[in-house]
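Structure file query.csv (CSV, C-alpha atoms) is printed below.
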```csv
chain,number,residue,atom,x,y,z
A,1,MET,CA,0.0,0.0,0.0
A,2,GLU,CA,2.9,2.4,0.8
A,3,GLN,CA,4.3,1.8,-2.7
A,4,PHE,CA,0.9,2.5,-4.2
A,5,VAL,CA,0.6,5.8,-2.5
A,6,SER,CA,4.2,7.0,-2.8
A,7,SER,CA,4.4,6.1,-6.5
A,8,GLY,CA,1.6,8.4,-7.3
A,9,HIS,CA,-0.8,5.7,-8.5
A,10,LEU,CA,-3.3,6.7,-5.8
A,11,ALA,CA,-3.3,10.2,-7.2
A,12,THR,CA,-3.9,8.9,-10.7
A,13,ALA,CA,-6.9,6.9,-9.5
A,14,ILE,CA,-8.3,10.0,-7.8
A,15,LEU,CA,-7.8,11.9,-11.1
A,16,VAL,CA,-9.8,9.3,-13.0
A,17,ALA,CA,-12.6,9.4,-10.4
A,18,ILE,CA,-12.7,13.2,-10.7
A,19,ALA,CA,-12.8,13.0,-14.5
A,20,ILE,CA,-15.7,10.4,-14.4
A,21,GLU,CA,-17.6,12.6,-11.9
A,22,VAL,CA,-17.2,15.8,-14.0
A,23,ALA,CA,-18.2,13.9,-17.2
A,24,ALA,CA,-21.3,12.3,-15.7
A,25,ALA,CA,-22.4,15.6,-14.0
A,26,GLY,CA,-21.5,17.5,-17.2
A,27,CYS,CA,-23.7,15.2,-19.3
A,28,TYR,CA,-26.6,15.6,-16.9
A,29,LEU,CA,-26.3,19.4,-16.7
A,30,TRP,CA,-25.8,19.7,-20.5
A,31,ARG,CA,-29.0,17.9,-21.1
A,32,ARG,CA,-30.8,20.1,-18.7
A,33,ARG,CA,-29.3,23.1,-20.5
A,34,ASN,CA,-27.9,24.5,-17.2
A,35,THR,CA,-24.6,25.9,-18.6
A,36,ARG,CA,-23.8,28.2,-15.8
A,37,LEU,CA,-23.9,25.4,-13.2
A,38,LEU,CA,-22.0,23.2,-15.6
A,39,LEU,CA,-19.2,25.8,-15.8
A,40,CYS,CA,-19.1,26.0,-12.0
A,41,PHE,CA,-18.9,22.3,-11.8
A,42,VAL,CA,-16.1,22.1,-14.3
A,43,ALA,CA,-14.1,24.8,-12.6
A,44,ASN,CA,-14.5,23.1,-9.3
A,45,GLY,CA,-13.3,19.8,-10.8
A,46,LEU,CA,-10.3,21.5,-12.3
A,47,ALA,CA,-9.4,23.0,-9.0
A,48,GLY,CA,-9.6,19.6,-7.3
A,49,ALA,CA,-7.6,18.0,-10.1
A,50,SER,CA,-4.9,20.6,-9.8
A,51,LEU,CA,-4.5,19.9,-6.1
A,52,VAL,CA,-4.3,16.2,-6.8
A,53,LEU,CA,-1.7,16.8,-9.5
A,54,ALA,CA,0.3,18.9,-7.1
A,55,LEU,CA,0.1,16.0,-4.6
A,56,ARG,CA,1.3,13.5,-7.2
A,57,ALA,CA,4.2,15.8,-8.2
A,58,ALA,CA,5.3,16.1,-4.6
A,59,LEU,CA,5.0,12.3,-4.0
A,60,GLN,CA,7.1,11.6,-7.1
A,61,GLN,CA,9.6,14.3,-6.1
A,62,SER,CA,9.1,16.0,-9.5
A,63,GLY,CA,10.5,19.3,-8.1
A,64,TRP,CA,9.0,22.4,-6.5
A,65,LEU,CA,8.3,24.1,-9.8
A,66,PHE,CA,5.8,21.4,-10.9
A,67,VAL,CA,4.1,21.6,-7.5
A,68,ALA,CA,3.9,25.4,-7.6
A,69,VAL,CA,2.5,25.4,-11.2
A,70,TYR,CA,-0.2,23.0,-10.2
A,71,LEU,CA,-1.1,24.9,-7.1
A,72,VAL,CA,-1.3,28.2,-9.1
A,73,GLY,CA,-3.5,26.4,-11.6
A,74,GLY,CA,-5.7,25.2,-8.8
A,75,LEU,CA,-5.9,28.8,-7.4
A,76,LEU,CA,-7.0,30.1,-10.8
A,77,ALA,CA,-9.6,27.4,-11.2
A,78,HIS,CA,-10.9,28.1,-7.7
A,79,LEU,CA,-11.2,31.8,-8.4
A,80,ALA,CA,-13.1,31.1,-11.6
A,81,ASP,CA,-15.4,28.8,-9.6
A,82,VAL,CA,-16.1,31.5,-7.0
A,83,VAL,CA,-16.8,34.2,-9.7
A,84,LEU,CA,-19.1,31.8,-11.5
A,85,ARG,CA,-21.0,30.9,-8.3
A,86,LEU,CA,-21.4,34.5,-7.4
A,87,SER,CA,-22.7,35.3,-10.8
A,88,LEU,CA,-25.1,32.3,-10.6
A,89,ALA,CA,-26.3,33.5,-7.1
A,90,ARG,CA,-26.8,37.1,-8.4
A,91,HIS,CA,-28.7,35.7,-11.4
A,92,ALA,CA,-30.9,33.5,-9.2
A,93,ASP,CA,-31.7,36.5,-6.9
A,94,GLY,CA,-33.0,38.5,-9.8
A,95,VAL,CA,-30.2,41.1,-9.5
A,96,PRO,CA,-29.4,42.5,-13.0
A,97,SER,CA,-26.0,41.4,-14.2
A,98,THR,CA,-23.4,43.8,-15.3
A,99,GLU,CA,-22.5,41.7,-18.3
```

Final structure tokens representation of the file:
Amino acid sequence: MEQFVSSGHLATAILVAIAIEVAAAGCYLWRRRNTRLLLCFVANGLAGASLVLALRAALQQSGWLFVAVYLVGGLLAHLADVVLRLSLARHADGVPSTE
């Protein structure tokens, strides 16, 4: 089990699970034509995947630069998710959008 975790295979399995989850929810939200929520869900999945990639890079001792790049990617995806959710909440409350 220690080899499974330290080799990064656990992180790869988690990435596959995230991809399946985003694809399944994406199909559901696409069929319901809820594109704003779909974008939120994709951004959230990208943020989580970036954190898992940073973990895998650290476990495989790929170097600090890879870890930093994945963490910055996770931050950007998280910020996109927050902006999209705030926009979705504003739209749901009936507040006119500035777009």

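Using all atoms listed in the file, the contacts of A:Leu76 at a cut-off of 9 Å, with sequence neighbours closer than 5 positions omitted, comprise Ala47, Leu71 and Asp81 of chain A.
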
Starting from the point (-18.0, 20.2, -14.8), work out which residues of protein, DNA or RNA have an atom no more than 10 Å away when counting all atoms listed in the file; state them as a PDB file with C-alpha atoms, keeping the file's coordinate frame.
```pdb
ATOM      1  CA  ILE A  18     -12.700  13.200 -10.700  1.00  0.00           C
ATOM      2  CA  ALA A  19     -12.800  13.000 -14.500  1.00  0.00           C
ATOM      3  CA  GLU A  21     -17.600  12.600 -11.900  1.00  0.00           C
ATOM      4  CA  VAL A  22     -17.200  15.800 -14.000  1.00  0.00           C
ATOM      5  CA  ALA A  23     -18.200  13.900 -17.200  1.00  0.00           C
ATOM      6  CA  ALA A  24     -21.300  12.300 -15.700  1.00  0.00           C
ATOM      7  CA  ALA A  25     -22.400  15.600 -14.000  1.00  0.00           C
ATOM      8  CA  GLY A  26     -21.500  17.500 -17.200  1.00  0.00           C
ATOM      9  CA  CYS A  27     -23.700  15.200 -19.300  1.00  0.00           C
ATOM     10  CA  TYR A  28     -26.600  15.600 -16.900  1.00  0.00           C
ATOM     11  CA  LEU A  29     -26.300  19.400 -16.700  1.00  0.00           C
ATOM     12  CA  TRP A  30     -25.800  19.700 -20.500  1.00  0.00           C
ATOM     13  CA  THR A  35     -24.600  25.900 -18.600  1.00  0.00           C
ATOM     14  CA  ARG A  36     -23.800  28.200 -15.800  1.00  0.00           C
ATOM     15  CA  LEU A  37     -23.900  25.400 -13.200  1.00  0.00           C
ATOM     16  CA  LEU A  38     -22.000  23.200 -15.600  1.00  0.00           C
ATOM     17  CA  LEU A  39     -19.200  25.800 -15.800  1.00  0.00           C
ATOM     18  CA  CYS A  40     -19.100  26.000 -12.000  1.00  0.00           C
ATOM     19  CA  PHE A  41     -18.900  22.300 -11.800  1.00  0.00           C
ATOM     20  CA  VAL A  42     -16.100  22.100 -14.300  1.00  0.00           C
ATOM     21  CA  ALA A  43     -14.100  24.800 -12.600  1.00  0.00           C
ATOM     22  CA  ASN A  44     -14.500  23.100  -9.300  1.00  0.00           C
ATOM     23  CA  GLY A  45     -13.300  19.800 -10.800  1.00  0.00           C
ATOM     24  CA  LEU A  46     -10.300  21.500 -12.300  1.00  0.00           C
TER      25      LEU A  46
END
```

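Closest approach to A:Ser6 from the set A:Ala54, A:Gln61, A:Ala92, A:Arg32 is made by A:Gln61, with distances taken over all atoms listed in the file.
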
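Coordinates place atom CA of A:Arg56 at a distance of 8.1 Å from atom CA of A:Ser7.
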
Legend entry - Residue contacts of A:Tyr70 (9 Å, only C-alpha atoms) excluding same-chain residues fewer than 6 positions away, as a PyMOL selection string: chain A and resi 49-55+57

Inset, instruction - Quick one: pull the distance between atom CA of A:Ala17 and atom CA of A:Ala77, Å, one decimal. - result: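 Taking atom CA of A:Ala17 and atom CA of A:Ala77, their separation equals 18.3 Å.
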
Legend entry - atom CA of A:Leu15 to atom CA of A:Asn34, distance in Å rounded to a single decimal: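 Spanning atom CA of A:Leu15 to atom CA of A:Asn34 is a straight-line distance of 24.5 Å.
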
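If you measure from each of A:Leu84, A:Ile14, A:Val69, A:Val5 to A:Gly48 using only C-alpha atoms, the closest one turns out to be A:Ile14.
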